[in-house]
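Asks: File name protein03.cif; file contents mmCIF, C-alpha atoms; full text below.
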```cif
data_data
loop_
_atom_site.group_PDB
_atom_site.id
_atom_site.type_symbol
_atom_site.label_atom_id
_atom_site.label_comp_id
_atom_site.auth_asym_id
_atom_site.auth_seq_id
_atom_site.Cartn_x
_atom_site.Cartn_y
_atom_site.Cartn_z
ATOM 1 C CA MET Y 1 67.028 -83.746 5.217
ATOM 2 C CA LYS Y 2 64.708 -86.589 4.179
ATOM 3 C CA ASN Y 3 63.909 -87.340 7.805
ATOM 4 C CA ILE Y 4 62.953 -83.716 8.490
ATOM 5 C CA LEU Y 5 60.715 -83.693 5.426
ATOM 6 C CA LYS Y 6 59.033 -86.919 6.589
ATOM 7 C CA ILE Y 7 58.446 -85.466 10.049
ATOM 8 C CA VAL Y 8 56.906 -82.308 8.586
ATOM 9 C CA VAL Y 9 54.622 -84.272 6.238
ATOM 10 C CA LEU Y 10 53.547 -86.652 8.997
ATOM 11 C CA GLY Y 11 52.934 -83.689 11.314
ATOM 12 C CA VAL Y 12 50.667 -82.019 8.756
ATOM 13 C CA ILE Y 13 48.770 -85.272 8.192
ATOM 14 C CA ALA Y 14 48.408 -85.805 11.961
ATOM 15 C CA PHE Y 15 47.126 -82.246 12.378
ATOM 16 C CA GLY Y 16 44.579 -82.791 9.592
ATOM 17 C CA ILE Y 17 43.351 -86.000 11.205
ATOM 18 C CA LEU Y 18 43.134 -84.271 14.597
ATOM 19 C CA VAL Y 19 41.086 -81.394 13.157
ATOM 20 C CA TYR Y 20 38.783 -83.781 11.288
ATOM 21 C CA ALA Y 21 38.294 -86.032 14.328
ATOM 22 C CA THR Y 22 37.533 -83.200 16.746
ATOM 23 C CA ALA Y 23 35.416 -80.964 14.498
ATOM 24 C CA ASP Y 24 31.843 -80.469 15.578
ATOM 25 C CA LYS Y 25 29.147 -81.335 13.113
ATOM 26 C CA PRO Y 26 27.752 -78.064 11.690
ATOM 27 C CA ALA Y 27 24.476 -77.046 13.227
ATOM 28 C CA GLU Y 28 21.599 -77.890 10.936
ATOM 29 C CA THR Y 29 19.354 -74.992 10.135
ATOM 30 C CA LYS Y 30 15.693 -75.419 9.374
ATOM 31 C CA THR Y 31 14.840 -75.221 5.729
ATOM 32 C CA GLN Y 32 11.341 -74.073 6.582
ATOM 33 C CA VAL Y 33 11.215 -70.964 8.713
ATOM 34 C CA SER Y 34 8.442 -70.893 11.239
ATOM 35 C CA ASP Y 35 6.152 -67.892 11.382
ATOM 36 C CA THR Y 36 8.493 -64.900 11.723
ATOM 37 C CA SER Y 37 5.590 -62.519 12.273
ATOM 38 C CA SER Y 38 5.573 -63.473 15.952
ATOM 39 C CA LEU Y 39 9.236 -62.668 16.607
ATOM 40 C CA THR Y 40 9.932 -60.551 19.688
ATOM 41 C CA LEU Y 41 12.956 -59.488 21.702
ATOM 42 C CA SER Y 42 12.168 -62.311 24.119
ATOM 43 C CA ASN Y 43 13.028 -64.807 21.324
ATOM 44 C CA LEU Y 44 16.620 -63.537 21.170
ATOM 45 C CA PRO Y 45 19.441 -64.962 23.314
ATOM 46 C CA LYS Y 46 19.959 -63.306 26.716
ATOM 47 C CA GLU Y 47 23.567 -62.357 26.038
ATOM 48 C CA PHE Y 48 25.932 -61.977 23.119
ATOM 49 C CA GLU Y 49 29.615 -62.081 22.327
ATOM 50 C CA ILE Y 50 30.563 -58.783 20.697
ATOM 51 C CA VAL Y 51 33.497 -58.543 18.272
ATOM 52 C CA GLY Y 52 36.393 -56.673 19.864
ATOM 53 C CA LYS Y 53 35.021 -56.798 23.425
ATOM 54 C CA ASP Y 54 35.879 -59.113 26.267
ATOM 55 C CA GLY Y 55 33.067 -60.941 28.013
ATOM 56 C CA LYS Y 56 29.426 -61.117 27.041
ATOM 57 C CA VAL Y 57 26.963 -58.248 26.610
ATOM 58 C CA SER Y 58 23.362 -58.582 27.762
ATOM 59 C CA LYS Y 59 20.410 -58.213 25.428
ATOM 60 C CA GLU Y 60 19.179 -55.219 27.435
ATOM 61 C CA ASP Y 61 22.459 -53.380 26.818
ATOM 62 C CA LEU Y 62 22.137 -53.798 23.046
ATOM 63 C CA PHE Y 63 18.405 -53.249 22.635
ATOM 64 C CA GLN Y 64 16.822 -50.514 24.744
ATOM 65 C CA ALA Y 65 13.250 -51.195 25.841
ATOM 66 C CA GLY Y 66 10.693 -48.934 24.180
ATOM 67 C CA SER Y 67 12.932 -47.826 21.321
ATOM 68 C CA LYS Y 68 13.520 -48.930 17.746
ATOM 69 C CA ALA Y 69 16.660 -50.720 16.604
ATOM 70 C CA LEU Y 70 17.898 -52.365 13.455
ATOM 71 C CA ILE Y 71 19.471 -55.826 13.276
ATOM 72 C CA ILE Y 72 21.421 -56.662 10.123
ATOM 73 C CA VAL Y 73 22.541 -60.259 9.613
ATOM 74 C CA GLY Y 74 25.258 -60.948 7.065
ATOM 75 C CA ASN Y 75 28.614 -62.460 6.215
ATOM 76 C CA HIS Y 76 31.992 -60.838 5.521
ATOM 77 C CA ASP Y 77 31.247 -59.383 2.083
ATOM 78 C CA SER Y 78 27.830 -58.004 2.961
ATOM 79 C CA LEU Y 79 28.874 -56.675 6.377
ATOM 80 C CA SER Y 80 31.799 -54.816 4.798
ATOM 81 C CA VAL Y 81 29.188 -52.733 2.950
ATOM 82 C CA VAL Y 82 26.593 -52.516 5.750
ATOM 83 C CA ARG Y 83 29.186 -51.128 8.171
ATOM 84 C CA GLU Y 84 29.379 -48.030 5.942
ATOM 85 C CA LEU Y 85 25.713 -47.103 6.530
ATOM 86 C CA PRO Y 86 26.471 -44.180 8.921
ATOM 87 C CA LYS Y 87 29.149 -42.894 6.524
ATOM 88 C CA TYR Y 88 26.608 -42.260 3.766
ATOM 89 C CA TYR Y 89 23.340 -41.655 5.621
ATOM 90 C CA ASP Y 90 22.083 -40.160 8.854
ATOM 91 C CA VAL Y 91 20.509 -43.236 10.426
ATOM 92 C CA GLN Y 92 18.262 -42.180 13.297
ATOM 93 C CA ILE Y 93 17.999 -45.574 14.973
ATOM 94 C CA PRO Y 94 20.836 -47.666 16.410
ATOM 95 C CA TYR Y 95 21.769 -50.820 14.593
ATOM 96 C CA VAL Y 96 23.550 -54.033 15.411
ATOM 97 C CA MET Y 97 25.344 -56.223 12.887
ATOM 98 C CA VAL Y 98 25.288 -60.009 13.272
ATOM 99 C CA ALA Y 99 28.134 -62.048 11.784
ATOM 100 C CA ASN Y 100 26.437 -65.125 10.344
ATOM 101 C CA ILE Y 101 29.402 -67.489 10.680
ATOM 102 C CA SER Y 102 27.872 -70.450 12.500
ATOM 103 C CA SER Y 103 28.130 -72.809 9.509
ATOM 104 C CA ALA Y 104 31.910 -72.362 9.173
ATOM 105 C CA PRO Y 105 34.154 -75.144 10.522
ATOM 106 C CA TRP Y 106 35.085 -74.602 14.169
ATOM 107 C CA PHE Y 107 38.824 -74.143 13.524
ATOM 108 C CA VAL Y 108 38.074 -71.439 10.927
ATOM 109 C CA LYS Y 109 35.772 -69.700 13.435
ATOM 110 C CA LYS Y 110 38.519 -69.826 16.053
ATOM 111 C CA MET Y 111 41.577 -69.029 13.936
ATOM 112 C CA PHE Y 112 40.665 -66.864 10.954
ATOM 113 C CA ILE Y 113 37.256 -65.217 11.306
ATOM 114 C CA PRO Y 114 37.806 -63.210 14.542
ATOM 115 C CA GLY Y 115 40.670 -61.211 13.003
ATOM 116 C CA LYS Y 116 38.668 -60.370 9.870
ATOM 117 C CA LEU Y 117 35.649 -59.299 11.934
ATOM 118 C CA GLU Y 118 37.807 -57.108 14.174
ATOM 119 C CA GLU Y 119 39.094 -55.359 11.054
ATOM 120 C CA LEU Y 120 35.483 -54.713 9.978
ATOM 121 C CA VAL Y 121 34.531 -52.987 13.253
ATOM 122 C CA GLU Y 122 37.813 -51.174 13.826
ATOM 123 C CA GLY Y 123 37.184 -47.472 14.405
ATOM 124 C CA ARG Y 124 33.393 -47.876 14.375
ATOM 125 C CA ASP Y 125 30.805 -47.630 17.148
ATOM 126 C CA THR Y 126 28.365 -50.127 15.639
ATOM 127 C CA PRO Y 127 28.397 -53.361 17.646
ATOM 128 C CA MET Y 128 28.785 -56.664 15.806
ATOM 129 C CA ILE Y 129 27.540 -59.900 17.357
ATOM 130 C CA TYR Y 130 29.944 -62.817 16.887
ATOM 131 C CA ASP Y 131 27.290 -65.518 16.430
ATOM 132 C CA PHE Y 132 29.638 -68.495 16.969
ATOM 133 C CA ASP Y 133 26.961 -71.112 17.730
ATOM 134 C CA GLY Y 134 24.251 -69.597 15.530
ATOM 135 C CA ASP Y 135 21.888 -68.781 18.412
ATOM 136 C CA MET Y 136 20.967 -65.405 16.930
ATOM 137 C CA ILE Y 137 20.296 -66.647 13.403
ATOM 138 C CA LYS Y 138 18.246 -69.541 14.776
ATOM 139 C CA ALA Y 139 16.164 -67.111 16.859
ATOM 140 C CA LEU Y 140 15.570 -64.925 13.782
ATOM 141 C CA GLY Y 141 14.915 -67.889 11.460
ATOM 142 C CA VAL Y 142 17.733 -67.009 9.038
ATOM 143 C CA THR Y 143 18.433 -69.779 6.523
ATOM 144 C CA ASP Y 144 20.476 -67.839 3.952
ATOM 145 C CA ASN Y 145 24.246 -68.258 4.416
ATOM 146 C CA GLU Y 146 25.332 -66.566 1.174
ATOM 147 C CA LYS Y 147 28.312 -64.302 1.782
ATOM 148 C CA THR Y 148 26.876 -61.580 -0.445
ATOM 149 C CA THR Y 149 23.435 -61.439 1.214
ATOM 150 C CA TYR Y 150 22.290 -59.409 4.192
ATOM 151 C CA ILE Y 151 18.928 -59.441 5.945
ATOM 152 C CA ALA Y 152 17.568 -56.528 7.970
ATOM 153 C CA TYR Y 153 15.170 -56.801 10.895
ATOM 154 C CA LEU Y 154 13.470 -53.897 12.627
ATOM 155 C CA VAL Y 155 12.954 -54.059 16.383
ATOM 156 C CA ASN Y 156 9.857 -51.987 17.112
ATOM 157 C CA GLU Y 157 9.085 -49.978 20.266
ATOM 158 C CA ASN Y 158 6.771 -52.741 21.547
ATOM 159 C CA GLY Y 159 9.568 -55.347 21.279
ATOM 160 C CA SER Y 160 8.238 -57.066 18.148
ATOM 161 C CA ILE Y 161 10.732 -57.832 15.374
ATOM 162 C CA SER Y 162 9.896 -57.519 11.682
ATOM 163 C CA ASN Y 163 11.886 -58.821 8.726
ATOM 164 C CA VAL Y 164 12.028 -55.672 6.601
ATOM 165 C CA PHE Y 165 14.629 -56.124 3.867
ATOM 166 C CA LYS Y 166 16.899 -58.597 2.093
ATOM 167 C CA GLY Y 167 19.736 -57.159 0.059
ATOM 168 C CA SER Y 168 22.857 -58.348 -1.661
ATOM 169 C CA VAL Y 169 26.252 -56.949 -2.535
ATOM 170 C CA LYS Y 170 28.818 -57.753 -5.212
ATOM 171 C CA GLU Y 171 30.996 -60.827 -4.762
ATOM 172 C CA GLY Y 172 34.317 -59.745 -3.230
ATOM 173 C CA ALA Y 173 32.949 -56.539 -1.668
ATOM 174 C CA LEU Y 174 35.272 -57.139 1.282
ATOM 175 C CA ASP Y 175 38.208 -56.858 -1.123
ATOM 176 C CA GLY Y 176 36.969 -53.636 -2.710
ATOM 177 C CA THR Y 177 34.945 -54.760 -5.745
ATOM 178 C CA MET Y 178 32.289 -52.100 -5.015
ATOM 179 C CA SER Y 179 32.838 -48.384 -5.539
ATOM 180 C CA GLU Y 180 31.709 -45.779 -2.999
ATOM 181 C CA GLU Y 181 28.775 -44.891 -5.255
ATOM 182 C CA GLU Y 182 27.709 -48.533 -5.602
ATOM 183 C CA MET Y 183 27.773 -49.002 -1.823
ATOM 184 C CA LYS Y 184 25.782 -45.826 -1.273
ATOM 185 C CA THR Y 185 23.157 -46.872 -3.828
ATOM 186 C CA ASN Y 186 22.948 -50.380 -2.358
ATOM 187 C CA LEU Y 187 22.346 -49.045 1.161
ATOM 188 C CA ALA Y 188 19.766 -46.492 -0.034
ATOM 189 C CA SER Y 189 17.393 -49.376 -0.742
ATOM 190 C CA LEU Y 190 17.644 -50.453 2.894
ATOM 191 C CA LEU Y 191 16.858 -46.933 4.175
ATOM 192 C CA ASP Y 192 13.441 -46.958 2.525
ATOM 193 C CA TYR Y 193 12.386 -49.715 4.921
ATOM 194 C CA ILE Y 194 13.641 -48.277 8.204
ATOM 195 C CA LYS Y 195 12.201 -44.758 8.214
#
```
How does this structure look as structure tokens?

Replies:
Amino acid sequence: MKNILKIVVLGVIAFGILVYATADKPAETKTQVSDTSSLTLSNLPKEFEIVGKDGKVSKEDLFQAGSKALIIVGNHDSLSVVRELPKYYDVQIPYVMVANISSAPWFVKKMFIPGKLEELVEGRDTPMIYDFDGDMIKALGVTDNEKTTYIAYLVNENGSISNVFKGSVKEGALDGTMSEEEMKTNLASLLDYIK
């Protein structure tokens, strides 16, 4: 019995060393955002990994030329509220959610986050970009990684992108700390900026 216990303990330690030794250094984000007033669709990556879909999706498939769209960048807590936008309001423009998970350790991004994100989009038509390497948040100049914060960008008909709103939700929103009325009120503030 002692030998089995030793093997298990040594295996756990070896796994920890392996994870530590092979982990990529987190991508450093700029603390100073460059001028976001000149953002356009051409600044965004050419293709994206979408939660729950195999393969990559091109930028042109997500953002139609000559039409408005909304991009909402957030983490688990904030996206659990943002996903309810069509439930409470008639949103006239399509929107895309971006999972801001690039600063998480690589093994967490591979093992735990995909399942949680798939739960968030289950039964919904709104696409969610799985921003594994942080290409999307770098293109948009996002520096806020708080799990309760979300940032909305409006893609205009001419292809320009404007930062229109920054909101926050209650800590633990993913676990149900916000009532239906609180979520509805929180999202109403966002609607004022996308009409």

Asks: Record the distance separating atom CA of Y:Ile50 and atom CA of Y:Ile129, expressed in Å with one decimal.

Replies: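 So the answer is 4.6 Å.
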
Asks: What is the atom CA of Y:Ile137-atom CA of Y:Gly176 distance in Å, reported with one decimal?

Replies: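 Between these atoms lies a distance of 26.6 Å.
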
Asks: Which residues, protein or nucleic acid, reach to within 6 Å of (20.1, -55.3, 5.7) in the file's coordinates when using all atoms listed in the file, and can you give that as a list of chain:residue names?

Replies: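 All residues meeting the 6 Å criterion around (20.1, -55.3, 5.7) are Y:Ile72, Y:Tyr150, Y:Ile151, Y:Ala152, Y:Phe165, Y:Lys166, Y:Gly167.
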
Asks: Dump as number ranges by chain all residues having an atom at most 9 Å from (29.9, -53.1, 3.3), computed in the file's coordinates with all atoms listed in the file.

Replies: Y: 76-85, 120, 169, 173-174, 178, 183, 187

Asks: Keeping only C-alpha atoms, write those residues as a PDB file, in the coordinates of the input.

Replies:
```pdb
ATOM      1  CA  HIS Y  76      31.992 -60.838   5.521  1.00  0.00           C
ATOM      2  CA  ASP Y  77      31.247 -59.383   2.083  1.00  0.00           C
ATOM      3  CA  SER Y  78      27.830 -58.004   2.961  1.00  0.00           C
ATOM      4  CA  LEU Y  79      28.874 -56.675   6.377  1.00  0.00           C
ATOM      5  CA  SER Y  80      31.799 -54.816   4.798  1.00  0.00           C
ATOM      6  CA  VAL Y  81      29.188 -52.733   2.950  1.00  0.00           C
ATOM      7  CA  VAL Y  82      26.593 -52.516   5.750  1.00  0.00           C
ATOM      8  CA  ARG Y  83      29.186 -51.128   8.171  1.00  0.00           C
ATOM      9  CA  GLU Y  84      29.379 -48.030   5.942  1.00  0.00           C
ATOM     10  CA  LEU Y  85      25.713 -47.103   6.530  1.00  0.00           C
ATOM     11  CA  LEU Y 120      35.483 -54.713   9.978  1.00  0.00           C
ATOM     12  CA  VAL Y 169      26.252 -56.949  -2.535  1.00  0.00           C
ATOM     13  CA  ALA Y 173      32.949 -56.539  -1.668  1.00  0.00           C
ATOM     14  CA  LEU Y 174      35.272 -57.139   1.282  1.00  0.00           C
ATOM     15  CA  MET Y 178      32.289 -52.100  -5.015  1.00  0.00           C
ATOM     16  CA  MET Y 183      27.773 -49.002  -1.823  1.00  0.00           C
ATOM     17  CA  LEU Y 187      22.346 -49.045   1.161  1.00  0.00           C
TER      18      LEU Y 187
END
```

Asks: So that I can see what lies close to stretch 95-103 of chain Y, please list as a list of chain:residue names the residues with an atom at most 7 Å from it, counting all atoms listed in the file and leaving out residues fewer than 2 positions away in the same chain.

Replies: Y:Pro26, Y:Ala27, Y:Ala69, Y:Leu70, Y:Ile71, Y:Ile72, Y:Val73, Y:Gly74, Y:Asn75, Y:Ile93, Y:Pro105, Y:Thr126, Y:Pro127, Y:Met128, Y:Ile129, Y:Tyr130, Y:Asp131, Y:Phe132, Y:Asp133, Y:Gly134

Asks: For the atom pair atom CA of Y:Gly115 and atom CA of Y:Gly52, what is the interatomic distance in Å to one decimal place?

Replies: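 Computing it gives 9.3 Å between the two atoms.
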